[in-house]
>>> print(open('coords-v1.tsv').read())   # TSV, C-alpha atoms and all ligand atoms
chain	number	residue	atom	x	y	z
A	1	MET	CA	-4.34	-2.35	18.75
A	2	ARG	CA	-3.06	-1.83	15.21
A	3	LEU	CA	-2.98	1.80	14.07
A	4	PRO	CA	-4.93	1.95	10.80
A	5	ILE	CA	-2.98	3.21	7.81
A	6	ILE	CA	-4.42	4.99	4.78
A	7	ALA	CA	-1.96	5.40	1.91
A	8	GLY	CA	-2.61	7.39	-1.26
A	9	ASN	CA	-1.04	5.94	-4.39
A	10	TRP	CA	-1.00	8.77	-6.90
A	11	LYS	CA	0.37	6.44	-9.59
A	12	MET	CA	1.69	8.25	-12.71
A	13	ASN	CA	-0.36	11.38	-12.09
A	14	THR	CA	0.60	14.98	-11.29
A	15	ASN	CA	3.65	16.96	-12.34
A	16	ILE	CA	5.63	18.67	-9.60
A	17	ASP	CA	3.44	21.80	-9.51
A	18	GLN	CA	0.27	19.75	-9.40
A	19	ALA	CA	1.66	17.50	-6.67
A	20	VAL	CA	2.57	20.54	-4.59
A	21	GLU	CA	-0.90	21.99	-5.07
A	22	LEU	CA	-2.59	18.70	-4.16
A	23	VAL	CA	-0.58	18.15	-1.02
A	24	LYS	CA	-1.11	21.74	0.10
A	25	GLU	CA	-4.84	21.22	-0.30
A	26	MET	CA	-4.89	18.25	2.08
A	27	ARG	CA	-1.91	18.71	4.40
A	28	ASP	CA	-3.49	20.67	7.26
A	29	ARG	CA	-6.65	18.64	7.40
A	30	LEU	CA	-4.75	15.34	7.29
A	31	HIS	CA	-2.39	16.55	9.99
A	32	GLY	CA	-5.36	17.26	12.25
A	33	ILE	CA	-6.73	13.70	12.09
A	34	ASP	CA	-5.62	11.40	14.91
A	35	GLY	CA	-5.73	7.66	15.23
A	36	VAL	CA	-4.77	6.95	11.60
A	37	GLU	CA	-1.39	6.88	9.91
A	38	LYS	CA	-1.54	8.93	6.71
A	39	VAL	CA	0.86	8.22	3.87
A	40	LEU	CA	1.17	9.95	0.49
A	41	CYS	CA	2.93	8.19	-2.38
A	42	PRO	CA	3.51	10.70	-5.20
A	43	PRO	CA	5.64	9.99	-8.28
A	44	PHE	CA	9.42	9.87	-7.71
A	45	VAL	CA	9.99	13.32	-9.21
A	46	SER	CA	7.73	14.97	-6.64
A	47	LEU	CA	8.93	13.15	-3.52
A	48	SER	CA	11.32	15.86	-2.54
A	49	ALA	CA	8.86	18.73	-3.02
A	50	VAL	CA	6.10	16.89	-1.17
A	51	LYS	CA	8.52	16.03	1.62
A	52	GLY	CA	9.17	19.74	2.15
A	53	ILE	CA	5.48	20.54	2.38
A	54	ILE	CA	4.60	17.81	4.88
A	55	ALA	CA	7.66	18.41	7.07
A	56	ALA	CA	6.64	18.93	10.69
A	57	THR	CA	3.23	17.32	10.12
A	58	SER	CA	1.98	13.83	10.91
A	59	VAL	CA	1.71	12.99	7.21
A	60	ARG	CA	4.24	10.41	6.00
A	61	LEU	CA	5.79	9.84	2.62
A	62	GLY	CA	6.15	6.75	0.45
A	63	ALA	CA	7.49	5.87	-2.99
A	64	GLN	CA	5.59	3.75	-5.48
A	65	ASN	CA	8.41	1.43	-6.51
A	66	MET	CA	12.19	0.94	-6.44
A	67	TYR	CA	14.82	-1.32	-7.92
A	68	TYR	CA	16.57	-3.88	-5.76
A	69	GLU	CA	20.19	-3.12	-6.66
A	70	GLU	CA	22.10	-0.63	-4.54
A	71	LYS	CA	23.64	1.36	-7.41
A	72	GLY	CA	25.18	0.95	-10.84
A	73	ALA	CA	24.40	0.79	-14.52
A	74	TYR	CA	20.62	0.47	-14.32
A	75	THR	CA	19.50	3.45	-16.37
A	76	GLY	CA	16.23	4.90	-15.21
A	77	GLU	CA	16.03	3.01	-11.95
A	78	VAL	CA	15.88	4.27	-8.36
A	79	SER	CA	17.66	2.40	-5.59
A	80	PRO	CA	16.62	1.72	-1.99
A	81	ASN	CA	19.42	3.93	-0.72
A	82	MET	CA	18.22	6.83	-2.84
A	83	LEU	CA	14.82	6.57	-1.16
A	84	ALA	CA	16.04	5.99	2.38
A	85	GLY	CA	16.14	9.37	4.07
A	86	LEU	CA	13.70	10.76	1.52
A	87	CYS	CA	10.68	8.66	2.44
A	88	GLU	CA	9.70	5.97	4.93
A	89	TYR	CA	7.48	3.66	2.88
A	90	VAL	CA	7.73	2.04	-0.52
A	91	ILE	CA	4.93	0.28	-2.37
A	92	LEU	CA	6.20	-3.04	-3.75
A	93	GLY	CA	4.60	-5.63	-5.99
A	94	HIS	CA	1.69	-3.44	-7.06
A	95	SER	CA	-0.41	-5.33	-9.60
A	96	GLU	CA	0.35	-2.69	-12.23
A	97	ARG	CA	4.06	-3.43	-11.76
A	98	ARG	CA	3.34	-7.14	-12.08
A	99	GLN	CA	1.08	-6.66	-15.11
A	100	TYR	CA	2.90	-4.02	-17.17
A	101	PHE	CA	6.51	-4.39	-16.06
A	102	GLY	CA	6.79	-8.14	-15.67
A	103	GLU	CA	7.44	-8.19	-11.94
A	104	THR	CA	7.42	-11.74	-10.70
A	105	ASP	CA	7.19	-13.00	-7.13
A	106	GLU	CA	10.96	-13.45	-7.26
A	107	ILE	CA	11.56	-9.84	-8.26
A	108	VAL	CA	9.16	-8.65	-5.58
A	109	ASN	CA	11.07	-10.77	-3.07
A	110	ARG	CA	14.36	-9.15	-4.07
A	111	LYS	CA	12.79	-5.73	-3.70
A	112	VAL	CA	11.35	-6.53	-0.28
A	113	LYS	CA	14.76	-7.74	0.91
A	114	ALA	CA	16.47	-4.63	-0.46
A	115	ALA	CA	13.88	-2.28	1.03
A	116	VAL	CA	14.10	-3.87	4.48
A	117	GLY	CA	17.90	-3.80	4.22
A	118	ALA	CA	17.81	-0.06	3.53
A	119	GLY	CA	15.42	0.63	6.41
A	120	LEU	CA	12.38	1.30	4.21
A	121	LEU	CA	8.96	-0.04	5.19
A	122	PRO	CA	7.41	-2.03	2.35
A	123	ILE	CA	3.73	-1.82	1.53
A	124	LEU	CA	3.61	-5.24	-0.08
A	125	CYS	CA	0.76	-5.59	-2.55
A	126	VAL	CA	-0.84	-8.95	-3.26
A	127	GLY	CA	-4.08	-9.91	-4.96
A	128	GLU	CA	-5.67	-12.29	-7.38
A	129	ARG	CA	-6.66	-11.56	-10.99
A	130	LEU	CA	-10.27	-11.85	-12.12
A	131	GLU	CA	-9.84	-15.29	-13.69
A	132	GLU	CA	-8.14	-16.55	-10.54
A	133	HIS	CA	-10.94	-15.09	-8.44
A	134	GLU	CA	-13.57	-16.76	-10.60
A	135	ALA	CA	-11.70	-20.07	-10.47
A	136	GLY	CA	-11.79	-19.99	-6.66
A	137	LYS	CA	-8.01	-19.54	-6.45
A	138	THR	CA	-7.91	-16.42	-4.31
A	139	GLU	CA	-6.49	-18.11	-1.23
A	140	GLU	CA	-3.90	-20.07	-3.22
A	141	VAL	CA	-2.67	-17.01	-5.14
A	142	VAL	CA	-2.56	-14.59	-2.26
A	143	THR	CA	-0.89	-17.07	0.08
A	144	ARG	CA	1.74	-17.83	-2.55
A	145	GLN	CA	2.42	-14.15	-3.21
A	146	VAL	CA	2.89	-13.41	0.47
A	147	ARG	CA	5.12	-16.43	1.08
A	148	GLU	CA	7.28	-15.84	-1.99
A	149	ALA	CA	7.68	-12.13	-1.34
A	150	LEU	CA	9.03	-12.92	2.10
A	151	VAL	CA	11.39	-15.82	1.33
A	152	GLY	CA	14.60	-15.30	3.26
A	153	VAL	CA	13.34	-12.13	4.95
A	154	ASP	CA	13.95	-12.01	8.71
A	155	THR	CA	11.02	-10.73	10.74
A	156	PRO	CA	10.09	-7.61	8.71
A	157	ASP	CA	9.02	-5.27	11.51
A	158	GLY	CA	6.85	-2.47	10.20
A	159	LEU	CA	5.80	-4.39	7.09
A	160	VAL	CA	2.41	-3.39	5.72
A	161	VAL	CA	0.54	-5.73	3.40
A	162	ALA	CA	-2.09	-4.44	0.97
A	163	TYR	CA	-4.63	-6.95	-0.26
A	164	GLU	CA	-5.67	-5.62	-3.65
A	165	PRO	CA	-7.79	-7.90	-5.81
A	166	VAL	CA	-6.72	-6.97	-9.33
A	167	TRP	CA	-10.31	-7.00	-10.56
A	168	ALA	CA	-11.13	-4.24	-8.08
A	169	ILE	CA	-8.30	-1.85	-8.92
A	170	GLY	CA	-9.45	1.19	-10.85
A	171	THR	CA	-12.62	-0.59	-11.96
A	172	GLY	CA	-15.16	0.90	-9.58
A	173	LYS	CA	-16.00	-2.67	-8.54
A	174	ALA	CA	-14.71	-2.95	-5.01
A	175	ALA	CA	-14.75	-6.21	-3.09
A	176	THR	CA	-17.27	-6.39	-0.26
A	177	GLY	CA	-16.06	-5.72	3.24
A	178	GLU	CA	-16.75	-9.33	4.14
A	179	GLN	CA	-14.82	-10.73	1.17
A	180	ALA	CA	-11.82	-8.53	1.89
A	181	ASN	CA	-11.96	-9.31	5.59
A	182	ALA	CA	-11.93	-13.06	4.92
A	183	THR	CA	-8.93	-12.90	2.57
A	184	ILE	CA	-7.05	-10.57	4.88
A	185	GLY	CA	-7.66	-13.06	7.68
A	186	LEU	CA	-5.95	-15.69	5.52
A	187	ILE	CA	-3.03	-13.37	4.88
A	188	ARG	CA	-2.70	-12.86	8.62
A	189	GLU	CA	-2.63	-16.64	9.09
A	190	THR	CA	0.10	-16.88	6.48
A	191	LEU	CA	2.13	-14.23	8.33
A	192	ALA	CA	1.57	-16.18	11.57
A	193	SER	CA	2.90	-19.34	9.98
A	194	LEU	CA	6.01	-17.46	8.82
A	195	TYR	CA	6.78	-15.22	11.78
A	196	GLY	CA	4.53	-16.28	14.66
A	197	ALA	CA	1.21	-15.17	16.07
A	198	ASP	CA	2.47	-11.98	17.72
A	199	PHE	CA	3.99	-10.66	14.52
A	200	ALA	CA	0.81	-11.45	12.58
A	201	ALA	CA	-1.40	-9.84	15.21
A	202	GLY	CA	0.68	-6.67	15.11
A	203	THR	CA	1.03	-6.35	11.32
A	204	ARG	CA	-1.24	-4.00	9.43
A	205	ILE	CA	-3.04	-5.34	6.38
A	206	GLN	CA	-4.90	-2.90	4.16
A	207	TYR	CA	-7.56	-3.39	1.56
A	208	GLY	CA	-7.15	-1.71	-1.83
A	209	GLY	CA	-9.34	-1.60	-4.93
A	210	SER	CA	-11.84	1.17	-5.80
A	211	VAL	CA	-11.91	2.55	-2.27
A	212	THR	CA	-13.87	5.80	-2.08
A	213	ALA	CA	-15.38	8.05	0.55
A	214	ALA	CA	-18.63	6.17	-0.04
A	215	ASN	CA	-17.33	2.70	0.82
A	216	ILE	CA	-14.34	3.16	3.17
A	217	ALA	CA	-16.46	2.67	6.29
A	218	GLU	CA	-17.51	-0.77	5.08
A	219	PHE	CA	-13.86	-1.83	4.97
A	220	VAL	CA	-12.40	-0.28	8.06
A	221	SER	CA	-15.26	-1.49	10.22
A	222	GLN	CA	-14.10	-5.06	9.54
A	223	PRO	CA	-11.92	-6.51	12.29
A	224	GLU	CA	-9.06	-7.71	10.06
A	225	ILE	CA	-8.81	-4.62	7.81
A	226	ASP	CA	-6.34	-2.01	9.00
A	227	GLY	CA	-6.93	0.75	6.48
A	228	ALA	CA	-6.66	1.13	2.74
A	229	LEU	CA	-4.35	1.70	-0.18
A	230	VAL	CA	-6.23	4.26	-2.25
A	231	GLY	CA	-5.55	5.01	-5.91
A	232	GLY	CA	-7.95	7.24	-7.84
A	233	ALA	CA	-9.67	8.74	-4.81
A	234	SER	CA	-6.34	9.86	-3.36
A	235	LEU	CA	-6.03	12.43	-6.16
A	236	LYS	CA	-9.05	14.36	-4.88
A	237	ALA	CA	-8.12	16.17	-1.69
A	238	PRO	CA	-11.61	16.41	-0.12
A	239	GLU	CA	-12.32	12.75	-0.83
A	240	PHE	CA	-8.99	11.51	0.50
A	241	VAL	CA	-9.41	13.61	3.64
A	242	SER	CA	-12.90	12.16	4.08
A	243	ILE	CA	-11.52	8.61	3.74
A	244	VAL	CA	-8.99	9.31	6.48
A	245	GLU	CA	-11.57	11.06	8.70
A	246	GLN	CA	-14.04	8.22	8.40
A	247	THR	CA	-11.33	5.69	9.21
A	248	SER	CA	-10.48	7.61	12.36
A	249	ARG	CA	-14.14	7.81	13.38
A	250	VAL	CA	-14.98	4.15	12.68
A	251	ARG	CA	-11.91	2.85	14.49
A	252	ARG	CA	-12.57	4.94	17.59
A	253	ARG	CA	-15.96	3.33	18.15
B	301	LIG	C1	-4.20	1.23	-6.20
B	301	LIG	O1	-3.64	1.93	-7.00
B	301	LIG	O2	-3.53	0.56	-5.41
B	301	LIG	C2	-5.65	1.20	-6.18
B	301	LIG	C3	-6.25	0.45	-5.30
B	301	LIG	O3	-6.32	1.98	-7.10
B	301	LIG	P1	-7.88	2.40	-7.07
B	301	LIG	O4	-8.17	2.87	-5.66
B	301	LIG	O5	-8.00	3.48	-8.06
B	301	LIG	O6	-8.68	1.18	-7.39
>>> encode(input="coords-v1.tsv", output="structure tokens")
Amino acid sequence: MRLPIIAGNWKMNTNIDQAVELVKEMRDRLHGIDGVEKVLCPPFVSLSAVKGIIAATSVRLGAQNMYYEEKGAYTGEVSPNMLAGLCEYVILGHSERRQYFGETDEIVNRKVKAAVGAGLLPILCVGERLEEHEAGKTEEVVTRQVREALVGVDTPDGLVVAYEPVWAIGTGKAATGEQANATIGLIRETLASLYGADFAAGTRIQYGGSVTAANIAEFVSQPEIDGALVGGASLKAPEFVSIVEQTSRVRRR
């Protein structure tokens, strides 16, 4: 049984005070929900404050990005070692990083290697763009992204993959549960071909893209989908709590 994981990607939203307020609004209710791993990914500047507020709860912390070098003259960047000890997870290869900051599969691969080396658990994002989706290239793109991100990576225990079709992110046009389930099944096959059937069967693969309290049940009731990476809806405490609660309920059936 894979423990479902719901992660909230706050993106570039909230200052420190707002982050503190938001996490205080959801902390106790999230803590009380069993059977789901709950992860909050605030901006870098708020990691420390949020860490203090969720200490001694079952809520985990993740960063949204990192650089792959250990230290040095990389002005503005944050290294894996700076995050290790501060948070457990790190989102890597998010489509917004690929789109706006030129992250290639090779860069994502370097980041995955560096994160694993520092003891961080990557939430590796993959997903096809609209034109690729319409050209029937979903399988090709997603399989390539997974393979290339993991080149030279020894069995990455604890890896989480997030399948996020780019056309569904922040658009209000989510994939269907069936579509996402089928692609996630292919990602699992790719993981099996790289690391064996047991690894693939034990690795959690989320869906991401316009997940809300109104559609989460459709996703987490699919056999291959192990939770969600949630953007916009993770900034509203009652909605995020509802997403986690519904996941717990659906997966207990
Ligand atoms: C995301 O940021 O990973 C995401 C899926 O965003 P949204 O839920 O807003 O589509």
>>> closest_atom_pairs(input="coords-v1.tsv", of="chain A", to="ligand LIG 301 (chain B)", cutoff="10 Å", atoms="all atoms listed in the file", output="tab-separated table")
residue	atom	partner	partner_atom	distance
A:Ala7	CA	B:LIG301	O2	8.9
A:Gly8	CA	B:LIG301	O1	8.0
A:Asn9	CA	B:LIG301	O1	5.4
A:Trp10	CA	B:LIG301	O1	7.3
A:Lys11	CA	B:LIG301	O1	6.6
A:Gln64	CA	B:LIG301	O1	9.5
A:Ile91	CA	B:LIG301	O2	9.0
A:His94	CA	B:LIG301	O2	6.8
A:Ser95	CA	B:LIG301	O2	7.9
A:Glu96	CA	B:LIG301	O1	8.0
A:Cys125	CA	B:LIG301	O2	8.0
A:Ala162	CA	B:LIG301	O2	8.2
A:Tyr163	CA	B:LIG301	C3	9.1
A:Glu164	CA	B:LIG301	C3	6.3
A:Pro165	CA	B:LIG301	C3	8.5
A:Val166	CA	B:LIG301	C3	8.5
A:Trp167	CA	B:LIG301	O6	8.9
A:Ala168	CA	B:LIG301	O6	6.0
A:Ile169	CA	B:LIG301	O6	3.4
A:Gly170	CA	B:LIG301	O6	3.5
A:Thr171	CA	B:LIG301	O6	6.3
A:Gly172	CA	B:LIG301	O6	6.8
A:Lys173	CA	B:LIG301	O6	8.4
A:Ala174	CA	B:LIG301	O6	7.7
A:Tyr207	CA	B:LIG301	C3	8.0
A:Gly208	CA	B:LIG301	C3	4.2
A:Gly209	CA	B:LIG301	C3	3.7
A:Ser210	CA	B:LIG301	O6	3.5
A:Val211	CA	B:LIG301	O4	5.1
A:Thr212	CA	B:LIG301	O4	7.3
A:Ala228	CA	B:LIG301	C3	8.1
A:Leu229	CA	B:LIG301	O2	5.4
A:Val230	CA	B:LIG301	O4	4.2
A:Gly231	CA	B:LIG301	O3	3.3
A:Gly232	CA	B:LIG301	O5	3.8
A:Ala233	CA	B:LIG301	O4	6.1
A:Ser234	CA	B:LIG301	O4	7.6
A:Leu235	CA	B:LIG301	O5	9.4
>>> residues_near_point(input="coords-v1.tsv", point="(0.5, -14.6, 9.5)", cutoff="10 Å", atoms="all atoms listed in the file", output="list in words")
Thr143, Val146, Arg147, Ile184, Gly185, Leu186, Ile187, Arg188, Glu189, Thr190, Leu191, Ala192, Ser193, Leu194, Tyr195, Gly196, Ala197, Asp198, Phe199, Ala200, Ala201, Gly202 and Thr203 of chain A
>>> atom_distance(input="coords-v1.tsv", atom1="atom CA of A:Ile16", atom2="atom CA of A:Phe44")
9.8 Å
>>> residues_near_point(input="coords-v1.tsv", point="(6.7, 1.6, -7.5)", cutoff="8 Å", atoms="all atoms listed in the file", output="number ranges by chain")
A: 63-66, 90-94, 97
>>> residues_around(input="coords-v1.tsv", residues="A:Ala149", least_positions_apart="3", cutoff="7 Å", atoms="all atoms listed in the file", output="ChimeraX atom specification")
/A:105-106,108-109,112,145-146
>>> closest_atom_pairs(input="coords-v1.tsv", of="stretch 172-223 of chain A", to="stretch 36-42 of chain A", cutoff="12 Å", atoms="all atoms listed in the file", output="CSV")
residue,atom,partner,partner_atom,distance
A:Arg204,CA,A:Glu37,CA,10.9
A:Gln206,CA,A:Glu37,CA,11.9
A:Val220,CA,A:Val36,CA,11.1
>>> atom_distance(input="coords-v1.tsv", atom1="atom CA of A:Ser221", atom2="atom CA of A:Val250")
6.2 Å
>>> closest_atom_pairs(input="coords-v1.tsv", of="stretch 60-133 of chain A", to="stretch 50-55 of chain A", cutoff="12 Å", atoms="only C-alpha atoms", output="tab-separated table")
residue	atom	partner	partner_atom	distance
A:Arg60	CA	A:Ile54	CA	7.5
A:Leu61	CA	A:Lys51	CA	6.8
A:Gly62	CA	A:Lys51	CA	9.6
A:Ala63	CA	A:Lys51	CA	11.2
A:Leu83	CA	A:Lys51	CA	11.7
A:Gly85	CA	A:Lys51	CA	10.4
A:Leu86	CA	A:Lys51	CA	7.4
A:Cys87	CA	A:Lys51	CA	7.7
A:Glu88	CA	A:Lys51	CA	10.7
>>> atom_distance(input="coords-v1.tsv", atom1="atom CA of A:Ile107", atom2="atom CA of A:Val153")
13.5 Å
>>> closest_residue(input="coords-v1.tsv", among="A:Glu218, A:Asp34, A:Asp17, A:Asp28", to="A:Glu178", atoms="only C-alpha atoms")
A:Glu218
>>> closest_residue(input="coords-v1.tsv", among="A:Ala49, A:Val126, A:Val59, A:Ala19", to="A:Ile5", atoms="all atoms listed in the file")
A:Val59
>>> closest_residue(input="coords-v1.tsv", among="A:Glu69, A:Glu25, A:Glu239, A:Asp154", to="A:Ala214", atoms="all atoms listed in the file")
A:Glu239
>>> residues_around(input="coords-v1.tsv", residues="A:Val161", least_positions_apart="2", cutoff="6 Å", atoms="all atoms listed in the file", output="list in words")
Ile123, Leu124, Cys125 and Ile205 of chain A
>>> closest_residue(input="coords-v1.tsv", among="A:Gly158, A:Met1, A:Gln179, A:Ser46", to="A:His133", atoms="all atoms listed in the file")
A:Gln179
>>> closest_residue(input="coords-v1.tsv", among="A:Glu139, A:Leu47, A:Arg252, A:Tyr89", to="A:Thr14", atoms="only C-alpha atoms")
A:Leu47
>>> decode(input="coords-v1.tsv", residues="stretch 225-235 of chain A", atoms="all heavy atoms", output="compact mmCIF listing (two decimals), in the first residue's frame")
# COMPACT_ATOMS: atom_id res chain seq x y z
N ILE A 225 -3.04 6.63 -8.98
CA ILE A 225 -2.78 8.01 -8.54
C ILE A 225 -2.66 8.08 -7.02
O ILE A 225 -3.60 7.76 -6.30
CB ILE A 225 -3.87 8.97 -9.06
CG1 ILE A 225 -3.98 8.87 -10.58
CG2 ILE A 225 -3.59 10.40 -8.61
CD1 ILE A 225 -5.02 9.78 -11.22
N ASP A 226 -1.50 8.50 -6.57
CA ASP A 226 -1.19 8.45 -5.13
C ASP A 226 -1.21 9.82 -4.49
O ASP A 226 -0.35 10.15 -3.67
CB ASP A 226 0.20 7.83 -4.93
CG ASP A 226 0.31 6.47 -5.58
OD1 ASP A 226 -0.61 5.66 -5.38
OD2 ASP A 226 1.30 6.22 -6.30
N GLY A 227 -2.17 10.66 -4.89
CA GLY A 227 -2.26 11.98 -4.28
C GLY A 227 -2.10 13.06 -5.31
O GLY A 227 -2.21 12.82 -6.52
N ALA A 228 -1.82 14.28 -4.85
CA ALA A 228 -1.79 15.42 -5.76
C ALA A 228 -0.77 16.46 -5.34
O ALA A 228 -0.46 16.61 -4.16
CB ALA A 228 -3.18 16.06 -5.81
N LEU A 229 -0.26 17.14 -6.35
CA LEU A 229 0.52 18.36 -6.13
C LEU A 229 -0.44 19.51 -6.45
O LEU A 229 -0.96 19.59 -7.58
CB LEU A 229 1.75 18.38 -7.04
CG LEU A 229 2.69 19.59 -6.91
CD1 LEU A 229 3.16 19.81 -5.49
CD2 LEU A 229 3.92 19.40 -7.82
N VAL A 230 -0.70 20.33 -5.46
CA VAL A 230 -1.78 21.32 -5.56
C VAL A 230 -1.19 22.72 -5.54
O VAL A 230 -0.45 23.07 -4.61
CB VAL A 230 -2.75 21.16 -4.36
CG1 VAL A 230 -3.93 22.11 -4.49
CG2 VAL A 230 -3.22 19.71 -4.23
N GLY A 231 -1.50 23.52 -6.55
CA GLY A 231 -1.01 24.89 -6.59
C GLY A 231 -2.02 25.84 -5.97
O GLY A 231 -2.11 25.99 -4.75
N GLY A 232 -2.81 26.47 -6.80
CA GLY A 232 -3.74 27.53 -6.37
C GLY A 232 -4.58 27.15 -5.16
O GLY A 232 -4.73 27.95 -4.22
N ALA A 233 -5.13 25.96 -5.16
CA ALA A 233 -6.05 25.56 -4.08
C ALA A 233 -5.32 25.33 -2.76
O ALA A 233 -5.96 25.22 -1.71
CB ALA A 233 -6.83 24.31 -4.48
N SER A 234 -3.99 25.28 -2.79
CA SER A 234 -3.26 25.08 -1.54
C SER A 234 -3.11 26.40 -0.77
O SER A 234 -2.64 26.41 0.37
CB SER A 234 -1.89 24.45 -1.79
OG SER A 234 -1.01 25.37 -2.41
N LEU A 235 -3.50 27.51 -1.40
CA LEU A 235 -3.40 28.81 -0.74
C LEU A 235 -4.68 29.16 0.03
O LEU A 235 -4.76 30.22 0.64
CB LEU A 235 -3.12 29.90 -1.78
CG LEU A 235 -1.72 29.83 -2.41
CD1 LEU A 235 -1.67 30.68 -3.68
CD2 LEU A 235 -0.65 30.28 -1.43
